[in-house]
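Below is the file work.cif, which contains mmCIF, C-alpha atoms and all ligand atoms.
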```
data_target
loop_
_atom_site.label_atom_id
_atom_site.label_comp_id
_atom_site.auth_asym_id
_atom_site.auth_seq_id
_atom_site.Cartn_x
_atom_site.Cartn_y
_atom_site.Cartn_z
CA MET A 1 14.14 31.24 -1.39
CA SER A 2 14.95 27.87 0.18
CA GLY A 3 12.15 25.44 1.10
CA ALA A 4 12.69 26.26 4.77
CA GLY A 5 12.58 30.00 3.99
CA ILE A 6 9.30 29.66 2.19
CA LYS A 7 7.88 27.77 5.11
CA LEU A 8 9.05 30.38 7.57
CA GLU A 9 7.46 33.07 5.47
CA LEU A 10 4.25 31.08 5.34
CA GLN A 11 4.29 30.60 9.05
CA ARG A 12 4.72 34.32 9.61
CA SER A 13 1.97 35.04 7.14
CA ALA A 14 -0.18 32.52 8.95
CA GLU A 15 0.31 33.95 12.37
CA THR A 16 0.94 37.66 12.13
CA LYS A 17 0.11 40.53 9.83
CA ALA A 18 1.89 39.68 6.64
CA LYS A 19 2.06 40.06 2.92
CA LEU A 20 -0.44 37.80 1.33
CA GLN A 21 -0.41 36.97 -2.33
CA VAL A 22 -3.96 36.11 -3.32
CA LEU A 23 -5.16 34.59 -6.56
CA LEU A 24 -8.79 35.56 -6.98
CA VAL A 25 -10.93 33.41 -9.21
CA GLU A 26 -13.85 35.80 -9.44
CA ASP A 27 -15.82 37.34 -12.25
CA ASN A 28 -17.55 40.01 -10.19
CA PRO A 29 -15.25 43.00 -9.47
CA ALA A 30 -17.53 44.27 -6.68
CA ASP A 31 -17.33 40.97 -4.83
CA ALA A 32 -13.57 40.91 -5.30
CA GLU A 33 -13.30 44.35 -3.80
CA LEU A 34 -15.42 43.34 -0.79
CA MET A 35 -13.15 40.41 -0.06
CA LEU A 36 -9.98 42.46 -0.30
CA ARG A 37 -11.45 45.12 1.95
CA GLU A 38 -12.24 42.49 4.56
CA LEU A 39 -8.68 41.19 4.47
CA ARG A 40 -7.08 44.64 4.66
CA LYS A 41 -9.38 45.51 7.55
CA ASP A 42 -7.97 42.51 9.36
CA GLY A 43 -4.40 43.62 8.86
CA PHE A 44 -3.37 41.63 5.79
CA GLU A 45 -1.19 43.40 3.27
CA VAL A 46 -2.69 41.91 0.15
CA SER A 47 -1.42 41.74 -3.40
CA THR A 48 -3.92 40.26 -5.81
CA THR A 49 -4.19 38.76 -9.23
CA VAL A 50 -7.68 38.21 -10.59
CA VAL A 51 -8.31 35.42 -13.11
CA ARG A 52 -11.48 34.66 -14.99
CA THR A 53 -10.71 31.71 -17.27
CA PRO A 54 -9.29 28.21 -16.68
CA GLY A 55 -6.35 28.90 -19.02
CA GLU A 56 -5.43 32.05 -17.17
CA PHE A 57 -5.80 30.24 -13.86
CA GLN A 58 -3.45 27.47 -14.98
CA ARG A 59 -0.84 29.94 -16.15
CA ARG A 60 -0.93 31.99 -12.94
CA ILE A 61 -0.59 29.05 -10.55
CA ARG A 62 2.39 27.84 -12.57
CA GLU A 63 4.07 31.21 -12.69
CA GLU A 64 3.19 32.94 -9.46
CA SER A 65 2.67 30.35 -6.73
CA PRO A 66 0.27 32.49 -4.67
CA ASP A 67 -0.21 31.91 -0.93
CA ILE A 68 -3.92 31.34 -1.24
CA ILE A 69 -6.64 30.96 -3.86
CA LEU A 70 -10.08 32.41 -3.27
CA ALA A 71 -12.50 31.01 -5.81
CA ASP A 72 -16.14 31.70 -6.50
CA TYR A 73 -18.30 28.64 -7.02
CA ASN A 74 -20.26 29.94 -10.00
CA LEU A 75 -18.16 31.76 -12.56
CA GLY A 76 -20.48 31.98 -15.48
CA GLU A 77 -18.59 29.93 -18.07
CA TRP A 78 -16.88 27.60 -15.61
CA ARG A 79 -17.02 26.69 -11.97
CA GLY A 80 -14.57 27.15 -9.11
CA VAL A 81 -14.51 23.37 -8.57
CA GLU A 82 -12.71 23.07 -11.89
CA ALA A 83 -9.97 25.27 -10.47
CA LEU A 84 -9.52 22.62 -7.77
CA GLN A 85 -9.22 19.93 -10.43
CA ILE A 86 -6.63 21.92 -12.37
CA LEU A 87 -4.65 22.47 -9.19
CA GLN A 88 -4.68 18.76 -8.44
CA ALA A 89 -3.68 17.83 -11.98
CA GLU A 90 -0.75 20.23 -11.73
CA GLY A 91 0.24 18.70 -8.37
CA ILE A 92 0.50 22.12 -6.73
CA ASP A 93 -0.34 22.54 -3.06
CA ILE A 94 -2.00 25.94 -2.61
CA PRO A 95 -4.93 26.19 -0.21
CA VAL A 96 -8.24 27.04 -1.89
CA ILE A 97 -11.12 28.69 -0.11
CA MET A 98 -14.41 28.79 -1.99
CA VAL A 99 -16.05 32.18 -1.50
CA THR A 100 -19.57 31.89 -2.75
CA GLY A 101 -23.14 32.98 -2.61
CA ALA A 102 -25.57 30.52 -1.05
CA LEU A 103 -24.08 27.04 -1.31
CA GLY A 104 -26.18 23.93 -0.85
CA ASP A 105 -24.91 21.00 1.24
CA VAL A 106 -24.22 18.88 -1.85
CA ALA A 107 -22.11 21.57 -3.51
CA ALA A 108 -20.27 22.27 -0.24
CA VAL A 109 -19.43 18.57 0.15
CA GLU A 110 -18.32 18.42 -3.48
CA CYS A 111 -15.93 21.36 -2.92
CA ILE A 112 -14.34 19.79 0.15
CA LYS A 113 -14.13 16.42 -1.62
CA GLN A 114 -12.33 18.03 -4.54
CA GLY A 115 -9.76 19.48 -2.15
CA ALA A 116 -11.05 22.90 -1.05
CA THR A 117 -9.76 23.76 2.39
CA ASP A 118 -12.86 25.68 3.42
CA TYR A 119 -15.77 27.69 2.09
CA VAL A 120 -16.99 31.11 3.15
CA LEU A 121 -20.33 32.60 2.20
CA LYS A 122 -20.27 36.03 0.58
CA ASP A 123 -22.71 37.37 3.15
CA GLY A 124 -20.41 36.18 5.95
CA LEU A 125 -17.10 37.61 4.74
CA ALA A 126 -16.05 38.54 8.28
CA ARG A 127 -15.00 34.91 8.66
CA LEU A 128 -12.65 35.08 5.66
CA PRO A 129 -9.44 36.28 7.42
CA GLU A 130 -9.62 33.52 10.03
CA ALA A 131 -10.39 30.93 7.34
CA ILE A 132 -7.26 32.08 5.47
CA ARG A 133 -5.08 31.95 8.58
CA SER A 134 -6.24 28.47 9.40
CA ALA A 135 -5.73 27.31 5.77
CA LEU A 136 -2.17 28.65 5.81
CA ARG A 137 -1.48 27.00 9.15
CA GLU A 138 -2.73 23.69 7.78
CA LYS A 139 -0.56 24.04 4.69
CA HIS A 140 2.45 24.83 6.85
CA GLU A 141 1.83 21.73 8.97
CA ARG A 142 1.34 19.70 5.82
CA SER A 143 4.64 20.81 4.38
CA LEU A 144 6.41 20.09 7.68
CA ARG A 145 4.88 16.64 7.66
CA HIS A 146 5.92 16.06 4.05
CA GLN A 147 9.42 17.16 4.87
CA ALA A 148 9.57 14.82 7.88
CA GLU A 149 8.24 11.94 5.75
CA GLY A 150 10.79 12.71 3.05
CA ASP A 151 13.59 12.81 5.64
CA LEU A 152 12.44 9.51 7.06
CA ALA A 153 12.25 7.86 3.64
CA ARG A 154 15.75 9.12 2.84
CA LYS A 155 17.08 7.79 6.17
CA VAL A 156 15.48 4.40 5.59
CA GLU A 157 17.04 4.28 2.15
CA GLU A 158 20.45 5.27 3.51
CA LEU A 159 20.17 2.66 6.22
CA ALA A 160 19.25 -0.04 3.73
CA ARG A 161 22.20 0.97 1.56
CA SER A 162 24.67 1.00 4.42
CA ASN A 163 23.31 -2.35 5.62
CA ALA A 164 23.81 -3.80 2.16
CA ASP A 165 27.36 -2.36 2.06
CA LEU A 166 28.11 -3.84 5.45
CA GLU A 167 26.79 -7.23 4.42
CA GLN A 168 28.83 -7.11 1.27
CA PHE A 169 31.88 -6.20 3.33
CA ALA A 170 31.25 -9.02 5.83
CA TYR A 171 30.80 -11.45 2.97
CA VAL A 172 33.92 -10.42 1.07
CA ALA A 173 36.02 -10.18 4.22
CA SER A 174 34.97 -13.55 5.58
CA HIS A 175 35.23 -15.20 2.20
CA ASP A 176 38.65 -13.80 1.33
CA LEU A 177 40.09 -14.35 4.80
CA GLN A 178 39.42 -18.05 4.58
CA GLU A 179 42.26 -18.83 2.24
CA PRO A 180 45.18 -17.16 4.11
CA LEU A 181 43.77 -18.45 7.35
CA ARG A 182 43.76 -22.00 6.04
CA MET A 183 47.52 -21.63 5.50
CA VAL A 184 48.07 -20.24 9.01
CA VAL A 185 46.10 -23.14 10.51
CA ALA A 186 47.90 -25.74 8.38
CA TYR A 187 51.39 -24.43 9.14
CA THR A 188 50.88 -23.84 12.86
CA GLN A 189 49.57 -27.40 13.07
CA LEU A 190 52.55 -28.65 11.12
CA LEU A 191 54.90 -26.76 13.41
CA SER A 192 53.18 -28.15 16.50
CA GLU A 193 53.36 -31.71 15.23
CA ARG A 194 56.89 -31.59 13.85
CA TYR A 195 58.57 -29.65 16.65
CA HIS A 196 56.61 -30.85 19.65
CA GLY A 197 59.15 -31.73 22.38
CA LYS A 198 62.06 -30.57 20.26
CA LEU A 199 62.08 -27.00 21.48
CA ASP A 200 61.53 -25.96 25.08
CA ALA A 201 58.30 -26.25 27.08
CA ASP A 202 57.37 -22.60 26.46
CA ALA A 203 57.66 -23.06 22.69
CA ASP A 204 55.25 -26.04 22.85
CA LYS A 205 52.81 -23.95 24.82
CA PHE A 206 53.05 -20.96 22.45
CA LEU A 207 52.61 -23.12 19.38
CA GLY A 208 49.57 -24.69 21.02
CA TYR A 209 48.04 -21.25 21.65
CA ALA A 210 48.77 -20.06 18.10
CA SER A 211 47.25 -23.19 16.59
CA GLU A 212 44.18 -23.00 18.85
CA GLY A 213 43.68 -19.30 18.09
CA ALA A 214 43.93 -19.85 14.35
CA GLN A 215 41.42 -22.69 14.49
CA ARG A 216 39.02 -20.60 16.52
CA MET A 217 39.31 -17.79 14.02
CA GLN A 218 38.55 -20.27 11.28
CA VAL A 219 35.32 -21.27 13.01
CA LEU A 220 34.35 -17.62 13.54
CA ILE A 221 34.99 -16.75 9.92
CA HIS A 222 33.10 -19.80 8.77
CA ASP A 223 30.12 -18.72 10.92
CA LEU A 224 30.32 -15.15 9.71
CA LEU A 225 30.32 -16.35 6.14
CA ALA A 226 27.31 -18.57 6.85
CA PHE A 227 25.57 -15.54 8.35
CA SER A 228 26.31 -13.19 5.47
CA ARG A 229 25.31 -15.82 2.92
CA ILE A 230 21.74 -16.02 4.17
CA GLY A 231 20.64 -12.87 2.40
CA ARG A 232 22.69 -13.60 -0.73
CA GLN A 233 21.91 -17.15 -1.63
CA ASP A 234 18.91 -17.77 -3.85
CA ALA A 235 17.26 -19.95 -1.28
CA VAL A 236 14.11 -21.17 -3.03
CA SER A 237 10.93 -21.00 -0.99
CA GLU A 238 8.47 -23.84 -0.98
CA ASN A 239 5.80 -25.36 1.20
CA VAL A 240 7.81 -26.81 4.07
CA ASP A 241 6.25 -29.33 6.42
CA CYS A 242 7.65 -28.32 9.81
CA LYS A 243 6.75 -31.67 11.37
CA VAL A 244 9.07 -33.46 8.95
CA VAL A 245 11.78 -30.81 9.37
CA VAL A 246 11.68 -30.96 13.18
CA GLU A 247 11.86 -34.75 13.13
CA GLU A 248 14.91 -34.63 10.85
CA VAL A 249 16.54 -32.05 13.12
CA LEU A 250 15.87 -34.27 16.15
CA GLN A 251 17.53 -37.17 14.34
CA ALA A 252 20.58 -35.01 13.69
CA LEU A 253 20.67 -34.00 17.34
CA ALA A 254 20.06 -37.54 18.63
CA SER A 255 23.39 -37.92 20.42
CA ALA A 256 23.18 -34.52 22.17
CA THR A 257 19.61 -35.34 23.18
CA ARG A 258 20.60 -38.74 24.50
CA GLU A 259 23.65 -37.48 26.41
CA SER A 260 21.71 -34.69 28.10
CA GLY A 261 18.64 -36.84 28.78
CA ALA A 262 16.54 -34.24 26.95
CA VAL A 263 12.89 -34.91 26.26
CA VAL A 264 11.60 -33.05 23.21
CA THR A 265 7.88 -32.97 22.46
CA HIS A 266 5.93 -31.17 19.79
CA THR A 267 2.30 -30.58 18.95
CA VAL A 268 0.96 -30.87 15.40
CA LEU A 269 3.23 -28.68 13.30
CA PRO A 270 2.02 -26.90 10.17
CA ALA A 271 3.61 -26.17 6.80
CA VAL A 272 5.22 -22.78 6.16
CA TRP A 273 6.30 -20.99 3.01
CA ALA A 274 10.09 -20.66 3.23
CA ASN A 275 13.33 -22.37 2.32
CA ARG A 276 13.53 -25.84 3.79
CA THR A 277 17.21 -25.73 4.81
CA GLN A 278 16.73 -22.37 6.48
CA VAL A 279 13.68 -23.51 8.43
CA ALA A 280 15.69 -26.51 9.61
CA GLN A 281 18.52 -24.16 10.64
CA VAL A 282 16.15 -22.13 12.83
CA PHE A 283 14.73 -25.18 14.60
CA GLN A 284 18.16 -26.77 14.96
CA ASN A 285 19.74 -23.65 16.52
CA LEU A 286 16.87 -23.20 18.96
CA ILE A 287 16.71 -26.85 20.01
CA GLN A 288 20.49 -27.04 20.31
CA ASN A 289 20.49 -23.97 22.55
CA ALA A 290 17.67 -25.40 24.67
CA ILE A 291 19.85 -28.46 25.26
CA LYS A 292 23.08 -26.49 25.73
CA PHE A 293 21.76 -23.92 28.18
CA ARG A 294 20.07 -26.48 30.40
CA GLY A 295 19.78 -26.20 34.16
CA LYS A 296 20.33 -28.93 36.70
CA GLU A 297 17.36 -30.96 35.50
CA PRO A 298 17.41 -32.81 32.16
CA PRO A 299 16.05 -30.54 29.42
CA LEU A 300 12.31 -30.56 28.75
CA ILE A 301 11.75 -28.97 25.38
CA SER A 302 8.38 -28.33 23.84
CA ILE A 303 7.68 -27.08 20.33
CA GLN A 304 4.31 -25.62 19.44
CA ALA A 305 2.63 -23.64 16.69
CA GLU A 306 -0.42 -21.43 16.51
CA LYS A 307 -1.97 -19.43 13.70
CA ALA A 308 -1.45 -15.67 13.78
CA GLY A 309 -3.17 -14.09 10.77
CA GLN A 310 -1.29 -15.14 7.63
CA GLN A 311 1.62 -16.42 9.70
CA TRP A 312 2.33 -19.30 12.01
CA ARG A 313 3.75 -18.42 15.39
CA PHE A 314 6.08 -21.12 16.69
CA SER A 315 7.45 -21.47 20.18
CA VAL A 316 10.39 -23.50 21.45
CA SER A 317 10.32 -23.56 25.23
CA ASP A 318 12.77 -25.08 27.66
CA ASN A 319 13.34 -25.46 31.41
CA GLY A 320 16.93 -24.24 31.22
CA ILE A 321 18.90 -21.44 32.83
CA GLY A 322 16.69 -18.70 31.35
CA ILE A 323 17.74 -15.19 30.30
CA ALA A 324 17.53 -11.86 32.09
CA PRO A 325 14.98 -9.66 30.25
CA GLU A 326 17.57 -6.88 29.70
CA TYR A 327 19.47 -9.22 27.34
CA ALA A 328 16.39 -10.28 25.38
CA GLU A 329 17.36 -8.11 22.37
CA ASN A 330 21.16 -8.41 22.56
CA ILE A 331 21.32 -12.14 22.20
CA PHE A 332 20.10 -11.86 18.60
CA VAL A 333 23.09 -9.71 17.60
CA VAL A 334 26.06 -11.40 15.88
CA PHE A 335 28.69 -12.71 18.34
CA GLN A 336 26.74 -11.56 21.41
CA ARG A 337 26.86 -14.13 24.19
CA LEU A 338 26.05 -14.02 27.87
CA HIS A 339 28.61 -16.60 28.99
CA ALA A 340 32.29 -17.35 28.69
CA ARG A 341 33.18 -20.09 26.22
CA GLY A 342 34.57 -22.15 29.07
CA GLU A 343 31.10 -22.22 30.64
CA TYR A 344 29.09 -22.95 27.50
CA PRO A 345 30.70 -23.49 24.10
CA GLY A 346 29.60 -21.44 21.10
CA ASN A 347 30.26 -18.32 19.03
CA GLY A 348 27.11 -16.31 19.50
CA ILE A 349 26.01 -16.58 15.87
CA GLY A 350 23.12 -19.08 16.11
CA LEU A 351 20.40 -16.65 17.14
CA ALA A 352 21.65 -13.96 14.72
CA ILE A 353 21.24 -16.52 11.93
CA CYS A 354 17.73 -17.39 13.16
CA LYS A 355 16.78 -13.69 13.18
CA LYS A 356 18.14 -13.08 9.71
CA ILE A 357 16.31 -16.10 8.31
CA VAL A 358 13.00 -15.31 9.97
CA GLU A 359 13.13 -11.63 8.94
CA ARG A 360 13.89 -12.65 5.38
CA TYR A 361 10.35 -14.04 5.24
CA GLY A 362 8.81 -11.02 6.94
CA GLY A 363 8.67 -12.80 10.30
CA ARG A 364 9.86 -11.87 13.76
CA ILE A 365 11.76 -13.68 16.50
CA TRP A 366 11.89 -12.88 20.18
CA VAL A 367 12.39 -14.48 23.57
CA GLU A 368 10.27 -14.53 26.68
CA ALA A 369 12.42 -15.59 29.61
CA GLN A 370 13.48 -14.99 33.17
CA PRO A 371 16.74 -16.13 34.77
CA GLY A 372 16.31 -19.56 36.29
CA SER A 373 12.86 -20.27 34.89
CA GLY A 374 13.50 -21.42 31.36
CA SER A 375 13.10 -19.61 28.07
CA ILE A 376 10.47 -19.50 25.37
CA PHE A 377 11.76 -18.52 21.94
CA LYS A 378 9.00 -17.46 19.59
CA PHE A 379 9.13 -16.78 15.88
CA THR A 380 6.75 -16.30 13.00
CA LEU A 381 6.88 -17.55 9.43
CA PRO A 382 4.39 -17.10 6.59
CA SER A 383 1.80 -19.83 6.25
CA ARG A 384 1.46 -19.41 2.48
CA GLY A 385 3.29 -18.17 -0.56
CA PRO A 386 2.85 -14.55 -1.61
CA ASP A 387 0.40 -15.46 -4.39
CA GLU A 388 -1.89 -17.36 -2.07
CA ARG A 389 -1.98 -14.80 0.72
CA VAL A 390 -5.34 -13.23 1.46
CA GLY A 391 -5.46 -9.84 -0.17
CA ALA A 392 -2.63 -10.71 -2.58
CA ARG A 393 -3.02 -9.35 -6.10
CA PRO A 394 -3.87 -12.02 -8.66
P1 LIG A 401 25.77 -19.43 21.16
O1 LIG A 401 24.79 -20.50 21.47
O2 LIG A 401 26.83 -19.85 20.24
O3 LIG A 401 26.28 -18.71 22.36
P2 LIG A 401 23.49 -17.99 20.12
O4 LIG A 401 23.44 -16.83 19.19
O5 LIG A 401 22.75 -19.20 19.73
O6 LIG A 401 25.01 -18.29 20.34
O7 LIG A 401 22.96 -17.51 21.51
C1 LIG A 401 23.38 -16.27 22.06
C2 LIG A 401 23.24 -16.27 23.57
O8 LIG A 401 21.86 -16.32 23.94
C3 LIG A 401 23.84 -17.50 24.22
O9 LIG A 401 25.23 -17.34 24.43
C4 LIG A 401 23.07 -17.57 25.51
O10 LIG A 401 23.63 -16.68 26.45
C5 LIG A 401 21.71 -17.06 25.15
N1 LIG A 401 20.76 -18.17 24.87
C6 LIG A 401 20.40 -18.66 23.68
N2 LIG A 401 19.49 -19.64 23.80
C7 LIG A 401 19.29 -19.79 25.12
C8 LIG A 401 18.44 -20.64 25.89
N3 LIG A 401 17.65 -21.55 25.34
N4 LIG A 401 18.48 -20.50 27.25
C9 LIG A 401 19.29 -19.58 27.83
N5 LIG A 401 20.09 -18.75 27.16
C10 LIG A 401 20.10 -18.84 25.81
#
```

Represent the supplied structure as C-alpha cells.
Ligand code: ADP
Amino acid sequence: MSGAGIKLELQRSAETKAKLQVLLVEDNPADAELMLRELRKDGFEVSTTVVRTPGEFQRRIREESPDIILADYNLGEWRGVEALQILQAEGIDIPVIMVTGALGDVAAVECIKQGATDYVLKDGLARLPEAIRSALREKHERSLRHQAEGDLARKVEELARSNADLEQFAYVASHDLQEPLRMVVAYTQLLSERYHGKLDADADKFLGYASEGAQRMQVLIHDLLAFSRIGRQDAVSENVDCKVVVEEVLQALASATRESGAVVTHTVLPAVWANRTQVAQVFQNLIQNAIKFRGKEPPLISIQAEKAGQQWRFSVSDNGIGIAPEYAENIFVVFQRLHARGEYPGNGIGLAICKKIVERYGGRIWVEAQPGSGSIFKFTLPSRGPDERVGARP
C-alpha cells in the first residue's frame, strides 16, 4: 500500500468502525480478553497478536506494523516502558497506550516521557476505545505533518539547486558573451570612425545606433558578471571598520558629491564581519543612488548604525524623490528600475548586488520610503565572526 493509502486507512480506522490490528503486550490472558471485549463492544473489528517478551515484541513490530500497541506497565520479567524504548530505538511510529492497574503519578509521567500516547487504568477500560481513536488521529496528523515537512524540505532543496543552476548559467553566459561582444563593439566603432561621412546620413545614424547598443550591452553583461561573481568568489571575511570604508567611498564619490552639492553625514560606525570590498560596494551603491535620485534640493544623506542582536543595522537615508511602497521589493531584483534611462542613468543592478552581498552574510536589506519624502535604505550585517558569536560552538 502506498504511504497515502496507509494514511487513508488509518484515518478511516480513526474515525469510523474499522479493522484494528492490535499488538498486546500483556501477560495476563484475562486482562487481554477484557480489553478486546471493550473494543469489540465499541464497534472495532480487532485482530490481535499477544507478546510477552522483549524479543518477541521487537520481532512483531518489525514484521507486522500494527495500528496500535496496548502495553501493561508491569509484565513480570520486564516492564511496558521498555517496549517504548525498543520502539524508539527501532525508529517506528506506532502509538502506545499503557493499560495498567493502579499507576502512580511518577510512573504515569515516566510513561508519557518515554513516548506513550496515553494510559488507561484497567478498572476504567470504558475509556479505551476513545483513547485509541484519539491516538490514531494524532498519529495521522503527525504523519501528515511529516509529509508536509518532507515536501517543504524537498522544495527548498530543489529551489536551491535551480538557483545554483541559474547562477551558473548567468555566470557562464555573461562570461562567454564578453569576448564576441568585444569584437562587435570594436568593429562597429571602427566602422563608425572609418566611414563616418562617407556613406549617407542614414548609414551614419544606423552605425551610431549599432555602436551605442553594443556598448550598452557590454555594460549590462559586465554588471551581470559582477552580480553572478558575488556568490562565487572566495571573498575573505574579516573585521571591517565601516567608518574607514565609508570615508573611502566618500572620497571615491567626491566629484559626484561636489557637483550635486550633497552633504553626507554619519554617526559613529562600527566594525562588521564581512568582506571589505563587498561592504564598500554596498555603501557605494546606496550613497550613489541617494545622490542620483535626488529631488530639487541638494541631497542630504545620513548614515547611521544601531545594534540589533548579533548584527548591526545600518541605515542610509536621503531627502530624494522617494519610492512608492509597492515597488519596495521590486527594486532589489536584477535590472528592475522605476525610471527611463533618459531620466536617471543606470542599469538596475546596484541594489540587486547590495541584496546579494548582504544576504551572503545572513543579513537583510529593505527600504522604507514614500514618493516625494526621501528614502531610508536599511541593511544588517553580522557584528562578529561565526566563532565569536554568542551561542557559537567552540
Ligand atoms: P540603478 O540605480 O542603476 O537604476 P539600482 O538597482 O541601484 O539601479 O536601483 C533600482 C531602482 O531603485 C532605481 O532605478 C530607482 O528607481 C530606485 N532607487 C534606488 N535607490 C533610490 C533612492 N535612493 N531614491 C529613490 N529611488 C531609488

| ligand LIG 401 (chain A) neighbours within 7 Å using only C-alpha atoms and all ligand atoms, as number ranges by chain | A: 285-286, 289-290, 293-294, 318, 320-323, 331-332, 334-339, 345-352, 374-375

Would you pick out the contacts of segment 160-174 of chain A at 12 Å or less, using all atoms listed in the file, so that residues sharing its chain but fewer than 2 positions from it are not included, and give the list as a PDB file with C-alpha atoms, keeping the file's coordinate frame?
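The resulting file, part-v8.pdb, is reproduced below:
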```pdb
ATOM      1  CA  ALA A 153      12.250   7.860   3.640  1.00  0.00           C
ATOM      2  CA  ARG A 154      15.750   9.120   2.840  1.00  0.00           C
ATOM      3  CA  LYS A 155      17.080   7.790   6.170  1.00  0.00           C
ATOM      4  CA  VAL A 156      15.480   4.400   5.590  1.00  0.00           C
ATOM      5  CA  GLU A 157      17.040   4.280   2.150  1.00  0.00           C
ATOM      6  CA  GLU A 158      20.450   5.270   3.510  1.00  0.00           C
ATOM      7  CA  ASP A 176      38.650 -13.800   1.330  1.00  0.00           C
ATOM      8  CA  LEU A 177      40.090 -14.350   4.800  1.00  0.00           C
ATOM      9  CA  GLN A 178      39.420 -18.050   4.580  1.00  0.00           C
ATOM     10  CA  GLU A 179      42.260 -18.830   2.240  1.00  0.00           C
ATOM     11  CA  PRO A 180      45.180 -17.160   4.110  1.00  0.00           C
ATOM     12  CA  LEU A 181      43.770 -18.450   7.350  1.00  0.00           C
ATOM     13  CA  MET A 217      39.310 -17.790  14.020  1.00  0.00           C
ATOM     14  CA  GLN A 218      38.550 -20.270  11.280  1.00  0.00           C
ATOM     15  CA  VAL A 219      35.320 -21.270  13.010  1.00  0.00           C
ATOM     16  CA  LEU A 220      34.350 -17.620  13.540  1.00  0.00           C
ATOM     17  CA  ILE A 221      34.990 -16.750   9.920  1.00  0.00           C
ATOM     18  CA  HIS A 222      33.100 -19.800   8.770  1.00  0.00           C
ATOM     19  CA  ASP A 223      30.120 -18.720  10.920  1.00  0.00           C
ATOM     20  CA  LEU A 224      30.320 -15.150   9.710  1.00  0.00           C
ATOM     21  CA  LEU A 225      30.320 -16.350   6.140  1.00  0.00           C
ATOM     22  CA  ALA A 226      27.310 -18.570   6.850  1.00  0.00           C
ATOM     23  CA  PHE A 227      25.570 -15.540   8.350  1.00  0.00           C
ATOM     24  CA  SER A 228      26.310 -13.190   5.470  1.00  0.00           C
ATOM     25  CA  ARG A 229      25.310 -15.820   2.920  1.00  0.00           C
ATOM     26  CA  ILE A 230      21.740 -16.020   4.170  1.00  0.00           C
ATOM     27  CA  GLY A 231      20.640 -12.870   2.400  1.00  0.00           C
ATOM     28  CA  ARG A 232      22.690 -13.600  -0.730  1.00  0.00           C
ATOM     29  CA  GLN A 233      21.910 -17.150  -1.630  1.00  0.00           C
ATOM     30  CA  VAL A 334      26.060 -11.400  15.880  1.00  0.00           C
ATOM     31  CA  LYS A 356      18.140 -13.080   9.710  1.00  0.00           C
TER      32      LYS A 356
END
```

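Rounded to one decimal, atom CA of Cys242 of chain A and atom CA of Val333 of chain A lie 25.4 Å from each other.
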
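Atom CA of Ser302 of chain A sits 8.3 Å away from atom CA of Val263 of chain A.
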
| Which residue gives the smallest distance to Leu84 of chain A among A:Gly104, A:Gly362, A:Gly197, A:Pro54, with only C-alpha atoms counted? |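 Among the listed residues, A:Pro54 lies closest to Leu84 of chain A.
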
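Atom CA of Thr380 of chain A is positioned 4.8 Å from atom CA of Gly363 of chain A.
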
Taking every listed atom of segment 296-305 of chain A and adding 6 Å to each side, what centre and edge lengths in Å (one decimal) does the axis-aligned box have, as JSON?
```
{"center_x": 11.5, "center_y": -28.2, "center_z": 26.7, "size_x": 29.7, "size_y": 21.2, "size_z": 32.0}
```

Take segment 297-314 of chain A from the block and save it with C-alpha atoms, as a PDB file, in the first residue's frame.
```
ATOM      1  CA  GLU A 297      17.035  70.290  -3.025  1.00  0.00           C
ATOM      2  CA  PRO A 298      20.711  69.291  -2.738  1.00  0.00           C
ATOM      3  CA  PRO A 299      20.982  65.779  -1.295  1.00  0.00           C
ATOM      4  CA  LEU A 300      21.157  65.399   2.487  1.00  0.00           C
ATOM      5  CA  ILE A 301      22.411  61.921   3.222  1.00  0.00           C
ATOM      6  CA  SER A 302      22.783  60.456   6.661  1.00  0.00           C
ATOM      7  CA  ILE A 303      24.368  57.129   7.560  1.00  0.00           C
ATOM      8  CA  GLN A 304      23.696  55.520  10.912  1.00  0.00           C
ATOM      9  CA  ALA A 305      24.151  52.212  12.691  1.00  0.00           C
ATOM     10  CA  GLU A 306      22.483  50.561  15.646  1.00  0.00           C
ATOM     11  CA  LYS A 307      22.972  47.192  17.301  1.00  0.00           C
ATOM     12  CA  ALA A 308      20.351  44.536  16.601  1.00  0.00           C
ATOM     13  CA  GLY A 309      21.266  41.343  18.467  1.00  0.00           C
ATOM     14  CA  GLN A 310      24.396  39.881  16.874  1.00  0.00           C
ATOM     15  CA  GLN A 311      24.051  42.183  13.884  1.00  0.00           C
ATOM     16  CA  TRP A 312      24.465  45.849  13.140  1.00  0.00           C
ATOM     17  CA  ARG A 313      21.558  47.540  11.431  1.00  0.00           C
ATOM     18  CA  PHE A 314      22.697  50.337   9.138  1.00  0.00           C
TER      19      PHE A 314
END
```
